[in-house]
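Structure data follow from protein.txt (compact mmCIF, C-alpha atoms):
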```
# COMPACT_ATOMS: atom_id res chain seq x y z
CA MET D 207 11.50 27.52 -16.13
CA SER D 208 8.84 25.23 -14.64
CA THR D 209 5.58 26.11 -12.87
CA GLU D 210 2.95 24.04 -11.07
CA LEU D 211 -0.60 23.55 -12.35
CA ILE D 212 -2.79 23.83 -9.24
CA VAL D 213 -6.35 22.66 -8.56
CA PRO D 214 -8.31 25.94 -8.31
CA THR D 215 -10.75 26.83 -5.54
CA LEU D 216 -14.17 25.59 -6.64
CA GLY D 217 -16.45 26.61 -3.79
CA GLU D 218 -16.59 26.73 -0.02
CA SER D 219 -18.02 23.24 0.42
CA ILE D 220 -15.71 21.49 -2.07
CA THR D 221 -12.48 20.04 -0.69
CA GLU D 222 -11.45 17.65 -3.45
CA ALA D 223 -11.95 16.78 -7.10
CA THR D 224 -11.31 13.90 -9.47
CA VAL D 225 -9.17 14.15 -12.58
CA SER D 226 -11.53 12.93 -15.28
CA LYS D 227 -9.42 13.56 -18.39
CA TRP D 228 -6.12 15.11 -19.40
CA LEU D 229 -6.62 17.19 -22.54
CA LYS D 230 -2.87 17.37 -23.26
CA ASN D 231 -0.14 14.73 -23.31
CA ILE D 232 3.35 15.15 -21.88
CA GLY D 233 5.36 17.26 -24.32
CA ASP D 234 2.31 18.89 -25.92
CA ASN D 235 2.42 22.65 -26.42
CA PHE D 236 -0.39 25.00 -25.46
CA GLU D 237 -1.29 28.67 -25.42
CA ALA D 238 -2.27 30.76 -22.40
CA ASP D 239 -5.81 30.00 -21.13
CA GLU D 240 -6.00 26.82 -23.22
CA PRO D 241 -7.73 23.97 -21.26
CA LEU D 242 -5.20 21.40 -20.03
CA VAL D 243 -7.15 19.02 -17.82
CA GLU D 244 -10.77 18.30 -16.95
CA ILE D 245 -11.64 17.77 -13.28
CA GLU D 246 -14.91 16.63 -11.78
CA THR D 247 -16.35 17.60 -8.40
CA ASP D 248 -19.47 16.40 -6.65
CA LYS D 249 -21.40 19.15 -8.42
CA ILE D 250 -19.78 20.18 -11.69
CA THR D 251 -17.12 19.35 -14.27
CA VAL D 252 -14.62 22.11 -15.02
CA GLU D 253 -11.62 22.58 -17.27
CA VAL D 254 -8.39 23.92 -15.73
CA PRO D 255 -6.76 26.42 -18.14
CA ALA D 256 -3.07 27.05 -18.71
CA PRO D 257 -1.79 30.08 -16.77
CA HIS D 258 0.67 30.81 -19.59
CA ALA D 259 1.90 29.44 -22.90
CA GLY D 260 4.28 26.51 -22.76
CA SER D 261 4.29 22.72 -22.75
CA LEU D 262 3.21 19.95 -20.38
CA LYS D 263 6.33 18.66 -18.65
CA GLU D 264 4.89 16.22 -16.11
CA ILE D 265 1.53 14.78 -15.03
CA LYS D 266 1.30 14.46 -11.25
CA VAL D 267 -2.27 13.15 -10.95
CA SER D 268 -3.49 10.49 -13.33
CA GLU D 269 -7.03 10.18 -14.69
CA GLY D 270 -9.56 8.77 -12.24
CA THR D 271 -7.53 9.89 -9.20
CA ASP D 272 -8.78 12.22 -6.48
CA VAL D 273 -6.86 15.36 -5.62
CA GLU D 274 -7.40 17.99 -2.93
CA ILE D 275 -8.14 21.63 -3.70
CA GLY D 276 -4.79 23.38 -4.05
CA GLY D 277 -3.06 20.13 -5.01
CA ILE D 278 -0.55 19.90 -7.86
CA LEU D 279 -2.01 18.49 -11.08
CA GLY D 280 1.10 18.73 -13.20
CA ILE D 281 4.31 20.58 -14.02
CA LEU D 282 4.42 23.07 -16.88
CA ASP D 283 7.38 24.27 -18.91
CA GLU D 284 7.12 27.98 -19.69
CA SER D 285 9.09 27.53 -22.91
CA LYS D 286 7.07 28.78 -25.86
CA GLY D 287 8.72 26.48 -28.38
CA LYS D 288 6.45 25.21 -31.13
CA THR D 289 7.92 21.71 -31.39
CA SER D 290 5.36 18.95 -31.17
CA SER D 291 5.23 16.15 -28.62
CA PRO D 292 8.50 14.17 -28.73
CA LYS D 293 6.89 10.95 -29.89
CA LYS D 294 8.40 10.78 -33.39
CA THR D 295 9.60 13.05 -36.14
CA GLU D 296 7.12 13.33 -38.99
CA THR D 297 8.35 13.07 -42.53
CA LYS D 298 7.35 15.78 -44.99
CA GLU D 299 4.97 13.35 -46.72
CA GLU D 300 3.30 12.35 -43.41
CA LYS D 301 2.92 15.99 -42.42
CA ILE D 302 1.19 16.81 -45.70
CA LYS D 303 -1.16 13.85 -45.24
CA GLU D 304 -2.03 15.00 -41.72
CA GLU D 305 -2.71 18.54 -42.92
CA VAL D 306 -4.97 17.26 -45.72
CA LYS D 307 -6.76 15.00 -43.25
CA ALA D 308 -7.26 17.90 -40.83
CA VAL D 309 -8.71 20.05 -43.60
CA LYS D 310 -11.12 17.29 -44.58
CA ILE D 311 -12.26 16.79 -41.01
CA GLU D 312 -12.70 20.51 -40.44
CA THR D 313 -14.64 20.93 -43.69
CA LYS D 314 -16.89 18.00 -42.95
CA SER D 315 -17.65 18.84 -39.33
CA SER D 316 -17.91 22.60 -39.50
CA PRO D 317 -21.61 22.74 -40.53
CA THR D 318 -22.59 20.77 -37.39
CA LYS D 319 -23.31 23.06 -34.46
CA SER D 320 -22.28 21.43 -31.19
CA SER D 321 -21.14 22.22 -27.67
CA PRO D 322 -17.46 21.72 -26.67
CA SER D 323 -18.42 18.88 -24.31
CA ALA D 324 -20.36 17.16 -27.12
CA ARG D 325 -17.37 17.38 -29.47
CA LYS D 326 -15.08 16.02 -26.76
CA ILE D 327 -17.25 12.95 -26.07
CA ALA D 328 -17.73 12.37 -29.79
CA GLU D 329 -13.98 12.48 -30.38
CA GLU D 330 -13.27 10.13 -27.47
CA ASN D 331 -15.74 7.54 -28.79
CA ASN D 332 -15.03 7.96 -32.52
CA ILE D 333 -18.52 9.26 -33.21
CA LYS D 334 -19.31 11.47 -36.20
CA LEU D 335 -21.37 14.45 -35.06
CA GLU D 336 -23.33 14.42 -38.30
CA ASP D 337 -24.66 10.98 -37.27
CA VAL D 338 -26.02 12.35 -33.98
CA SER D 339 -29.59 13.65 -33.78
CA SER D 340 -30.13 16.92 -31.93
CA SER D 341 -32.87 17.27 -29.30
CA ARG D 342 -32.88 21.05 -29.65
CA SER D 343 -35.01 23.17 -31.95
CA ASP D 344 -31.95 25.03 -33.30
CA GLY D 345 -30.21 21.78 -34.31
CA ARG D 346 -27.30 22.29 -31.91
CA ILE D 347 -25.89 19.03 -30.57
CA ASN D 348 -25.20 18.92 -26.85
CA LYS D 349 -23.53 16.39 -24.59
CA GLU D 350 -26.80 14.62 -23.80
CA ASP D 351 -27.42 13.98 -27.52
CA VAL D 352 -24.01 12.34 -27.96
CA VAL D 353 -24.43 10.21 -24.82
CA SER D 354 -27.88 9.12 -26.01
CA HIS D 355 -26.45 8.21 -29.41
CA LEU D 356 -23.61 6.29 -27.77
CA SER D 357 -26.02 4.43 -25.48
CA SER D 358 -28.19 3.47 -28.44
CA SER D 359 -25.15 2.22 -30.37
CA ASN D 360 -23.89 0.19 -27.41
CA LYS D 361 -27.22 -1.61 -27.13
CA LYS D 362 -26.80 -2.80 -30.72
CA THR D 363 -23.19 -3.97 -30.28
CA THR D 364 -23.23 -5.43 -26.77
CA ASN D 365 -21.32 -8.69 -26.52
CA LYS D 366 -23.84 -11.32 -25.47
CA GLY D 367 -21.10 -13.19 -23.62
CA GLU D 368 -20.63 -10.30 -21.18
CA ARG D 369 -23.35 -10.67 -18.56
CA GLU D 370 -22.04 -7.94 -16.25
CA GLU D 371 -20.16 -4.69 -16.56
CA VAL D 372 -18.38 -2.97 -13.66
CA VAL D 373 -18.19 0.82 -13.95
CA LYS D 374 -16.78 3.08 -11.24
CA MET D 375 -19.32 5.60 -9.95
CA SER D 376 -18.64 9.19 -10.96
CA LYS D 377 -17.95 11.79 -8.30
CA ILE D 378 -21.38 13.30 -8.90
CA ARG D 379 -23.14 9.93 -8.61
CA GLN D 380 -21.23 9.12 -5.40
CA THR D 381 -22.29 12.42 -3.87
CA ILE D 382 -25.91 12.00 -4.98
CA SER D 383 -25.99 8.59 -3.31
CA LYS D 384 -24.37 9.87 -0.13
CA ARG D 385 -26.62 12.91 0.24
CA LEU D 386 -29.86 11.10 -0.50
CA LYS D 387 -29.00 8.48 2.11
CA GLU D 388 -28.00 11.20 4.59
CA ALA D 389 -31.34 12.92 4.02
CA GLN D 390 -33.21 9.71 4.81
CA ASN D 391 -31.07 8.98 7.85
CA THR D 392 -31.13 12.51 9.25
CA ALA D 393 -34.50 14.06 8.45
CA ALA D 394 -37.90 12.73 9.45
CA ILE D 395 -39.23 12.66 5.88
CA LEU D 396 -42.96 12.43 5.34
CA THR D 397 -44.91 12.97 2.11
CA THR D 398 -48.38 14.42 1.61
CA PHE D 399 -50.29 14.33 -1.69
CA ASN D 400 -52.94 16.28 -3.55
CA GLU D 401 -54.20 16.71 -7.11
CA ILE D 402 -54.55 19.82 -9.22
CA ASP D 403 -57.01 20.60 -11.99
CA MET D 404 -54.72 22.16 -14.61
CA SER D 405 -57.57 23.46 -16.83
CA LYS D 406 -57.14 27.18 -16.07
CA VAL D 407 -53.35 27.13 -16.43
CA MET D 408 -53.62 25.26 -19.73
CA GLU D 409 -56.19 27.76 -21.00
CA ILE D 410 -53.87 30.67 -20.21
CA ARG D 411 -50.94 28.94 -21.90
CA LYS D 412 -53.01 28.25 -25.01
CA SER D 413 -54.40 31.77 -25.33
CA LYS D 414 -51.27 33.71 -24.36
CA ASN D 415 -48.36 31.52 -25.51
CA GLN D 416 -47.89 33.21 -28.91
CA GLU D 417 -47.89 36.70 -27.41
CA PHE D 418 -45.66 35.52 -24.56
CA GLN D 419 -43.19 33.94 -26.95
CA SER D 420 -43.05 37.06 -29.11
CA ARG D 421 -42.22 39.17 -26.09
CA TYR D 422 -39.76 36.90 -24.23
CA GLU D 423 -38.57 34.57 -27.04
CA VAL D 424 -39.40 31.53 -24.89
CA LYS D 425 -42.51 29.41 -24.54
CA LEU D 426 -44.85 29.85 -21.60
CA GLY D 427 -44.37 26.62 -19.66
CA PHE D 428 -45.92 25.10 -16.57
CA MET D 429 -42.85 25.64 -14.40
CA SER D 430 -43.24 29.42 -14.13
CA PHE D 431 -46.76 28.92 -12.74
CA PHE D 432 -45.47 26.40 -10.21
CA VAL D 433 -42.56 28.61 -9.17
CA LYS D 434 -44.92 31.54 -8.62
CA ALA D 435 -47.37 29.36 -6.68
CA VAL D 436 -44.59 27.87 -4.54
CA VAL D 437 -43.16 31.29 -3.65
CA LYS D 438 -46.56 32.62 -2.55
CA SER D 439 -47.20 29.47 -0.53
CA LEU D 440 -43.77 29.68 1.12
CA GLN D 441 -44.52 33.26 2.13
CA GLU D 442 -47.65 32.03 3.88
CA TYR D 443 -45.98 28.94 5.40
CA PRO D 444 -42.40 30.06 6.27
CA ALA D 445 -41.45 26.81 8.03
CA VAL D 446 -41.43 25.05 4.64
CA ASN D 447 -38.76 27.54 3.53
CA ALA D 448 -36.64 27.07 6.67
CA GLU D 449 -33.88 24.70 7.72
CA ILE D 450 -32.52 23.18 10.91
CA LYS D 451 -28.95 23.96 11.93
CA ASP D 452 -27.74 22.42 15.18
CA GLU D 453 -30.48 23.30 17.67
CA ASN D 454 -31.75 26.31 15.74
CA ILE D 455 -34.37 26.87 13.04
CA ILE D 456 -33.24 29.28 10.33
CA TYR D 457 -36.17 31.01 8.64
CA LYS D 458 -35.26 32.27 5.16
CA ASN D 459 -36.60 35.63 4.04
CA HIS D 460 -35.42 34.99 0.49
CA PHE D 461 -36.78 32.52 -2.03
CA ASP D 462 -34.11 30.69 -4.01
CA ILE D 463 -35.91 27.84 -5.76
CA GLY D 464 -33.96 24.80 -6.91
CA ILE D 465 -35.10 23.23 -10.19
CA ALA D 466 -34.09 19.57 -10.40
CA VAL D 467 -32.60 18.71 -13.81
CA GLY D 468 -31.66 15.22 -14.97
CA THR D 469 -28.39 14.86 -16.88
CA GLU D 470 -26.46 11.84 -18.16
CA LYS D 471 -24.24 12.06 -15.06
CA GLY D 472 -27.12 12.31 -12.60
CA LEU D 473 -29.45 14.80 -11.02
CA VAL D 474 -28.32 18.39 -10.48
CA VAL D 475 -30.29 21.21 -8.89
CA PRO D 476 -29.44 24.67 -10.29
CA ILE D 477 -30.91 27.54 -8.31
CA LEU D 478 -33.38 30.18 -9.45
CA LYS D 479 -32.16 33.05 -7.26
CA ASP D 480 -34.66 35.54 -5.78
CA ALA D 481 -37.56 33.88 -7.58
CA ASP D 482 -40.05 36.14 -5.82
CA GLN D 483 -38.67 39.11 -7.76
CA LEU D 484 -38.87 37.48 -11.20
CA SER D 485 -41.62 37.81 -13.81
CA PHE D 486 -43.08 34.84 -15.70
CA GLY D 487 -40.83 35.64 -18.65
CA GLU D 488 -37.70 35.93 -16.51
CA ILE D 489 -38.46 32.62 -14.79
CA GLU D 490 -38.93 30.74 -18.06
CA THR D 491 -35.79 32.31 -19.58
CA LYS D 492 -33.62 31.50 -16.56
CA ILE D 493 -34.93 27.94 -16.33
CA ILE D 494 -34.09 27.26 -19.97
CA ASP D 495 -30.65 28.80 -19.50
CA LEU D 496 -29.92 26.70 -16.38
CA SER D 497 -31.27 23.51 -17.98
CA THR D 498 -29.12 24.02 -21.08
CA LYS D 499 -26.03 24.65 -18.97
CA ALA D 500 -26.78 21.55 -16.88
CA LYS D 501 -27.04 19.33 -19.96
CA ASP D 502 -23.97 20.90 -21.57
CA GLY D 503 -21.97 20.55 -18.35
CA THR D 504 -21.29 24.29 -18.07
CA LEU D 505 -22.97 25.07 -14.74
CA THR D 506 -20.91 27.19 -12.36
CA MET D 507 -20.71 26.93 -8.58
CA ASP D 508 -22.84 30.06 -8.31
CA ASP D 509 -25.59 28.30 -10.31
CA LEU D 510 -25.66 25.48 -7.76
CA THR D 511 -25.06 27.34 -4.52
CA GLY D 512 -27.83 27.97 -2.01
CA GLY D 513 -31.47 27.04 -2.46
CA THR D 514 -34.28 27.22 0.07
CA PHE D 515 -36.80 24.88 -1.59
CA THR D 516 -36.76 22.49 -4.56
CA ILE D 517 -39.20 21.59 -7.35
CA SER D 518 -38.77 18.27 -9.16
CA ASN D 519 -40.79 17.47 -12.29
CA GLY D 520 -41.00 13.72 -12.75
CA GLY D 521 -43.87 14.30 -15.14
CA VAL D 522 -41.46 14.95 -18.01
CA TYR D 523 -40.48 11.26 -17.76
CA GLY D 524 -44.08 10.07 -17.48
CA SER D 525 -44.24 9.64 -13.71
CA MET D 526 -47.78 9.62 -12.34
CA LEU D 527 -46.88 9.67 -8.62
CA SER D 528 -43.70 9.66 -6.53
CA THR D 529 -42.28 10.50 -3.10
CA PRO D 530 -39.34 12.87 -3.72
CA ILE D 531 -36.46 13.02 -1.22
CA ILE D 532 -35.69 16.45 0.24
CA ASN D 533 -32.50 18.20 -0.81
CA ARG D 534 -30.58 18.78 2.42
CA PRO D 535 -30.36 21.11 4.27
CA GLN D 536 -33.72 22.21 2.85
CA SER D 537 -36.91 21.07 4.57
CA GLY D 538 -39.25 20.60 1.63
CA ILE D 539 -39.46 19.51 -2.00
CA LEU D 540 -42.45 19.60 -4.37
CA GLY D 541 -42.88 16.77 -6.84
CA MET D 542 -44.76 17.48 -10.08
CA HIS D 543 -46.10 14.64 -12.22
CA ASN D 544 -47.65 14.05 -15.62
CA ILE D 545 -51.03 15.50 -16.58
CA GLN D 546 -53.75 13.01 -17.41
CA LYS D 547 -57.41 13.45 -18.27
CA ARG D 548 -59.50 11.94 -15.50
CA ALA D 549 -63.14 11.85 -14.48
CA VAL D 550 -63.71 14.19 -11.53
CA VAL D 551 -66.77 15.57 -9.77
CA VAL D 552 -67.37 19.32 -10.19
CA ASN D 553 -70.59 20.85 -8.83
CA ASP D 554 -72.05 17.36 -8.39
CA GLU D 555 -71.38 16.51 -12.04
CA ILE D 556 -68.86 14.09 -13.48
CA VAL D 557 -66.58 15.92 -15.92
CA ILE D 558 -63.30 15.19 -17.69
CA ARG D 559 -60.41 17.40 -16.54
CA PRO D 560 -56.62 17.45 -17.02
CA MET D 561 -55.36 16.46 -13.58
CA MET D 562 -51.91 16.36 -12.01
CA TYR D 563 -50.93 14.60 -8.81
CA VAL D 564 -48.49 16.61 -6.69
CA ALA D 565 -46.44 15.50 -3.70
CA LEU D 566 -44.76 17.47 -0.93
CA SER D 567 -42.00 15.66 0.95
CA TYR D 568 -41.03 17.53 4.10
CA ASP D 569 -38.94 17.28 7.26
CA HIS D 570 -41.41 16.50 10.03
CA ARG D 571 -38.92 17.78 12.63
CA ILE D 572 -39.63 21.35 11.58
CA ILE D 573 -42.88 21.17 9.57
CA ASP D 574 -46.08 19.92 11.15
CA GLY D 575 -48.80 18.11 9.25
CA LYS D 576 -51.07 21.14 9.36
CA GLU D 577 -48.42 23.33 7.72
CA SER D 578 -47.47 20.77 5.07
CA VAL D 579 -51.07 20.11 4.06
CA GLY D 580 -51.87 23.82 4.16
CA PHE D 581 -48.89 24.60 1.94
CA LEU D 582 -49.88 22.03 -0.68
CA VAL D 583 -53.53 23.11 -0.61
CA LYS D 584 -52.39 26.72 -1.17
CA VAL D 585 -50.34 25.64 -4.20
CA LYS D 586 -53.41 23.77 -5.51
CA GLU D 587 -55.70 26.79 -5.03
CA LEU D 588 -53.29 29.17 -6.76
CA LEU D 589 -52.95 26.91 -9.81
CA GLU D 590 -56.63 26.10 -10.11
CA ASP D 591 -57.41 29.83 -9.98
CA PRO D 592 -54.20 31.49 -11.26
CA SER D 593 -55.65 35.02 -11.34
CA GLU D 594 -53.73 35.82 -8.14
CA LEU D 595 -50.49 34.70 -9.76
CA VAL D 596 -51.11 36.61 -12.97
CA LEU D 597 -52.46 39.81 -11.38
CA GLY D 598 -50.06 39.70 -8.43
CA ILE D 599 -52.77 40.40 -5.83
```
Reformat the file's structure so that it appears as structure tokens.
Amino acid sequence: MSTELIVPTLGESITEATVSKWLKNIGDNFEADEPLVEIETDKITVEVPAPHAGSLKEIKVSEGTDVEIGGILGILDESKGKTSSPKKTETKEEKIKEEVKAVKIETKSSPTKSSPSARKIAEENNIKLEDVSSSRSDGRINKEDVVSHLSSSNKKTTNKGEREEVVKMSKIRQTISKRLKEAQNTAAILTTFNEIDMSKVMEIRKSKNQEFQSRYEVKLGFMSFFVKAVVKSLQEYPAVNAEIKDENIIYKNHFDIGIAVGTEKGLVVPILKDADQLSFGEIETKIIDLSTKAKDGTLTMDDLTGGTFTISNGGVYGSMLSTPIINRPQSGILGMHNIQKRAVVVNDEIVIRPMMYVALSYDHRIIDGKESVGFLVKVKELLEDPSELVLGI
């Protein structure tokens, strides 16, 4: 008996997906819930599992092809036979060799901790995971590590005769391009700048980080301070947390802060839901969790849905100043940058302080200059004197 493998519902705003890779060949057997095909949307990459045990009878949508939600990916045979793919019959000697080879591979690779997506990319590109350097403190190899290793290897082996390479844009990259251009074409984007003396925040981090880490098992970073400062500033300037829909302005009474994260496929913005209700420890923990999922390609639609305001930290890449583009339909985005020691005047004296330039890009259709400047000044004041953030008063 045959059944259809259907593209599952992936979210209200998603109408189609792209088949990025079939994980099984025609004739291959599988167990129930075993991943059969990987599909990519404009936001995430997901694996479609088998609804039952059986074998892959027919592939309806080839790799690199778009398919609508609810479309038929392939035909499955519900037979639970254990025969392998009908490519050729293995001799007893060949079977033994394959089993020995499998044991060797398993023994060699088992000590290397890695994510499923990392193992998949490594296998596709004939990369040994033990040759890949991990960027994580626990030594676990993620997808980004493998891609970085592959990129580094390609630079060494590039054919000098090939002056150009044509690569089809991924679904995520296409959507990023489309939405950024839509934001520029639709919204009246303007950017205002300021600078923040990070001395007080850095002092708190230095004196409290060990105690903080013992309690929450994460480091006390800068982002939790910025999230707290942004939420308080949004409460004072609600237009920055609003959006335009048709001829109406929708003021949000909740604070779901998007944290822009760069991945090898492009920028994604997972959402820190109800950030106003989170402690410093909860913010740092959730940010690390979302960032890890983003880099491992395991974000869910719920992680990416919603968002009333976005924070983007170009400082991690060394950016000194930028003009971020708002994330539609939001009306504002805060750009953080790197911290540099600069000579500044304090009480009529020239002193050296760790300074950060910050930028607020906003939709001038809904936010006036007075509100945008006031918002950014409030963020500056809260970070230069973080007692209000820490004490909650």
query: atom CA of Leu510 of chain D and atom CA of Glu490 of chain D are how many Å apart?
result: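 Computed distance, atom CA of Leu510 of chain D to atom CA of Glu490 of chain D, equals 17.6 Å.
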message: Just want the 8 Å neighbourhood of Ala565 of chain D, counted on all atoms listed in the file, with same-chain residues fewer than 2 positions away dropped. Output as a VMD selection string.
response: chain D and resid 397 to 400 527 to 530 540 to 542 563 567 582
query: What gap, in Å, lies between atom CA of Glu401 of chain D and atom CA of Leu588 of chain D?
result: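 Taking atom CA of Glu401 of chain D and atom CA of Leu588 of chain D, their separation equals 12.5 Å.
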Please identify all polymer residues within 12 Å of Val583 of chain D, counting only C-alpha atoms, omitting same-chain residues fewer than 3 positions from it, and present them as a short mmCIF file (atom, residue, chain, number, x, y, z; two decimals) with C-alpha atoms, keeping the file's coordinate frame.
```
data_model
loop_
_atom_site.label_atom_id
_atom_site.label_comp_id
_atom_site.auth_asym_id
_atom_site.auth_seq_id
_atom_site.Cartn_x
_atom_site.Cartn_y
_atom_site.Cartn_z
CA THR D 398 -48.38 14.42 1.61
CA PHE D 399 -50.29 14.33 -1.69
CA ASN D 400 -52.94 16.28 -3.55
CA GLU D 401 -54.20 16.71 -7.11
CA ILE D 402 -54.55 19.82 -9.22
CA ALA D 435 -47.37 29.36 -6.68
CA VAL D 436 -44.59 27.87 -4.54
CA LYS D 438 -46.56 32.62 -2.55
CA SER D 439 -47.20 29.47 -0.53
CA LEU D 440 -43.77 29.68 1.12
CA GLU D 442 -47.65 32.03 3.88
CA TYR D 443 -45.98 28.94 5.40
CA VAL D 564 -48.49 16.61 -6.69
CA ALA D 565 -46.44 15.50 -3.70
CA LEU D 566 -44.76 17.47 -0.93
CA LYS D 576 -51.07 21.14 9.36
CA GLU D 577 -48.42 23.33 7.72
CA SER D 578 -47.47 20.77 5.07
CA VAL D 579 -51.07 20.11 4.06
CA GLY D 580 -51.87 23.82 4.16
CA LYS D 586 -53.41 23.77 -5.51
CA GLU D 587 -55.70 26.79 -5.03
CA LEU D 588 -53.29 29.17 -6.76
CA LEU D 589 -52.95 26.91 -9.81
CA GLU D 590 -56.63 26.10 -10.11
#
```
query: What separation in Å, quoted to one decimal, exists between atom CA of Phe431 of chain D and atom CA of Met526 of chain D?
result: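 If I compute the distance from atom CA of Phe431 of chain D to atom CA of Met526 of chain D, I get 19.3 Å.
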- request: Considering only C-alpha atoms, return as a ChimeraX atom specification whatever protein or nucleic-acid residues lie within 8 Å of segment 455-468 of chain D, sequence-local ones (same chain, fewer than 5 positions apart) excluded.
  value: /D:433,437,444-445,447-450,473-482,493,497,500-501,512-519,572
- request: Would you mind telling me which residue in D:Glu210, D:Asp351, D:Asp509, D:Asp569 lies nearest to Glu470 of chain D when using all atoms listed in the file?
  value: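 Answer, going by the shortest atom-to-atom distance: D:Asp351.
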- prompt: What's the 12 Å shell around segment 251-256 of chain D, counting all atoms listed in the file, without same-chain residues fewer than 6 positions away, as a PyMOL selection string?
  reply: chain D and resi 209-216+223-230+235-245+262+278-284+322-323+376-378+471+474+499-507
So that I have them on file, write out the residues from the current selection with C-alpha atoms, as a PDB file, keeping the file's coordinate frame.
```pdb
ATOM      1  CA  THR D 209       5.580  26.110 -12.870  1.00  0.00           C
ATOM      2  CA  GLU D 210       2.950  24.040 -11.070  1.00  0.00           C
ATOM      3  CA  LEU D 211      -0.600  23.550 -12.350  1.00  0.00           C
ATOM      4  CA  ILE D 212      -2.790  23.830  -9.240  1.00  0.00           C
ATOM      5  CA  VAL D 213      -6.350  22.660  -8.560  1.00  0.00           C
ATOM      6  CA  PRO D 214      -8.310  25.940  -8.310  1.00  0.00           C
ATOM      7  CA  THR D 215     -10.750  26.830  -5.540  1.00  0.00           C
ATOM      8  CA  LEU D 216     -14.170  25.590  -6.640  1.00  0.00           C
ATOM      9  CA  ALA D 223     -11.950  16.780  -7.100  1.00  0.00           C
ATOM     10  CA  THR D 224     -11.310  13.900  -9.470  1.00  0.00           C
ATOM     11  CA  VAL D 225      -9.170  14.150 -12.580  1.00  0.00           C
ATOM     12  CA  SER D 226     -11.530  12.930 -15.280  1.00  0.00           C
ATOM     13  CA  LYS D 227      -9.420  13.560 -18.390  1.00  0.00           C
ATOM     14  CA  TRP D 228      -6.120  15.110 -19.400  1.00  0.00           C
ATOM     15  CA  LEU D 229      -6.620  17.190 -22.540  1.00  0.00           C
ATOM     16  CA  LYS D 230      -2.870  17.370 -23.260  1.00  0.00           C
ATOM     17  CA  ASN D 235       2.420  22.650 -26.420  1.00  0.00           C
ATOM     18  CA  PHE D 236      -0.390  25.000 -25.460  1.00  0.00           C
ATOM     19  CA  GLU D 237      -1.290  28.670 -25.420  1.00  0.00           C
ATOM     20  CA  ALA D 238      -2.270  30.760 -22.400  1.00  0.00           C
ATOM     21  CA  ASP D 239      -5.810  30.000 -21.130  1.00  0.00           C
ATOM     22  CA  GLU D 240      -6.000  26.820 -23.220  1.00  0.00           C
ATOM     23  CA  PRO D 241      -7.730  23.970 -21.260  1.00  0.00           C
ATOM     24  CA  LEU D 242      -5.200  21.400 -20.030  1.00  0.00           C
ATOM     25  CA  VAL D 243      -7.150  19.020 -17.820  1.00  0.00           C
ATOM     26  CA  GLU D 244     -10.770  18.300 -16.950  1.00  0.00           C
ATOM     27  CA  ILE D 245     -11.640  17.770 -13.280  1.00  0.00           C
ATOM     28  CA  LEU D 262       3.210  19.950 -20.380  1.00  0.00           C
ATOM     29  CA  ILE D 278      -0.550  19.900  -7.860  1.00  0.00           C
ATOM     30  CA  LEU D 279      -2.010  18.490 -11.080  1.00  0.00           C
ATOM     31  CA  GLY D 280       1.100  18.730 -13.200  1.00  0.00           C
ATOM     32  CA  ILE D 281       4.310  20.580 -14.020  1.00  0.00           C
ATOM     33  CA  LEU D 282       4.420  23.070 -16.880  1.00  0.00           C
ATOM     34  CA  ASP D 283       7.380  24.270 -18.910  1.00  0.00           C
ATOM     35  CA  GLU D 284       7.120  27.980 -19.690  1.00  0.00           C
ATOM     36  CA  PRO D 322     -17.460  21.720 -26.670  1.00  0.00           C
ATOM     37  CA  SER D 323     -18.420  18.880 -24.310  1.00  0.00           C
ATOM     38  CA  SER D 376     -18.640   9.190 -10.960  1.00  0.00           C
ATOM     39  CA  LYS D 377     -17.950  11.790  -8.300  1.00  0.00           C
ATOM     40  CA  ILE D 378     -21.380  13.300  -8.900  1.00  0.00           C
ATOM     41  CA  LYS D 471     -24.240  12.060 -15.060  1.00  0.00           C
ATOM     42  CA  VAL D 474     -28.320  18.390 -10.480  1.00  0.00           C
ATOM     43  CA  LYS D 499     -26.030  24.650 -18.970  1.00  0.00           C
ATOM     44  CA  ALA D 500     -26.780  21.550 -16.880  1.00  0.00           C
ATOM     45  CA  LYS D 501     -27.040  19.330 -19.960  1.00  0.00           C
ATOM     46  CA  ASP D 502     -23.970  20.900 -21.570  1.00  0.00           C
ATOM     47  CA  GLY D 503     -21.970  20.550 -18.350  1.00  0.00           C
ATOM     48  CA  THR D 504     -21.290  24.290 -18.070  1.00  0.00           C
ATOM     49  CA  LEU D 505     -22.970  25.070 -14.740  1.00  0.00           C
ATOM     50  CA  THR D 506     -20.910  27.190 -12.360  1.00  0.00           C
ATOM     51  CA  MET D 507     -20.710  26.930  -8.580  1.00  0.00           C
TER      52      MET D 507
END
```
- request: Rank D:Val551, D:Ile232, D:Ile573, D:Met561 by their smallest atom-to-atom distance to Lys406 of chain D, using all atoms listed in the file, and report the top residue only.
  value: D:Met561
Can you list, as a short mmCIF file (atom, residue, chain, number, x, y, z; two decimals) with C-alpha atoms, in the frame of the given file, every protein, DNA or RNA residue that comes within 10 Å of Pro560 of chain D when you count all atoms listed in the file, leaving out same-chain residues fewer than 5 positions away?
```cif
data_model
loop_
_atom_site.label_atom_id
_atom_site.label_comp_id
_atom_site.auth_asym_id
_atom_site.auth_seq_id
_atom_site.Cartn_x
_atom_site.Cartn_y
_atom_site.Cartn_z
CA ILE D 402 -54.55 19.82 -9.22
CA ASP D 403 -57.01 20.60 -11.99
CA MET D 404 -54.72 22.16 -14.61
CA SER D 405 -57.57 23.46 -16.83
CA LYS D 406 -57.14 27.18 -16.07
CA MET D 408 -53.62 25.26 -19.73
CA ASN D 544 -47.65 14.05 -15.62
CA ILE D 545 -51.03 15.50 -16.58
CA GLN D 546 -53.75 13.01 -17.41
CA LYS D 547 -57.41 13.45 -18.27
CA ARG D 548 -59.50 11.94 -15.50
CA ALA D 549 -63.14 11.85 -14.48
CA VAL D 550 -63.71 14.19 -11.53
#
```
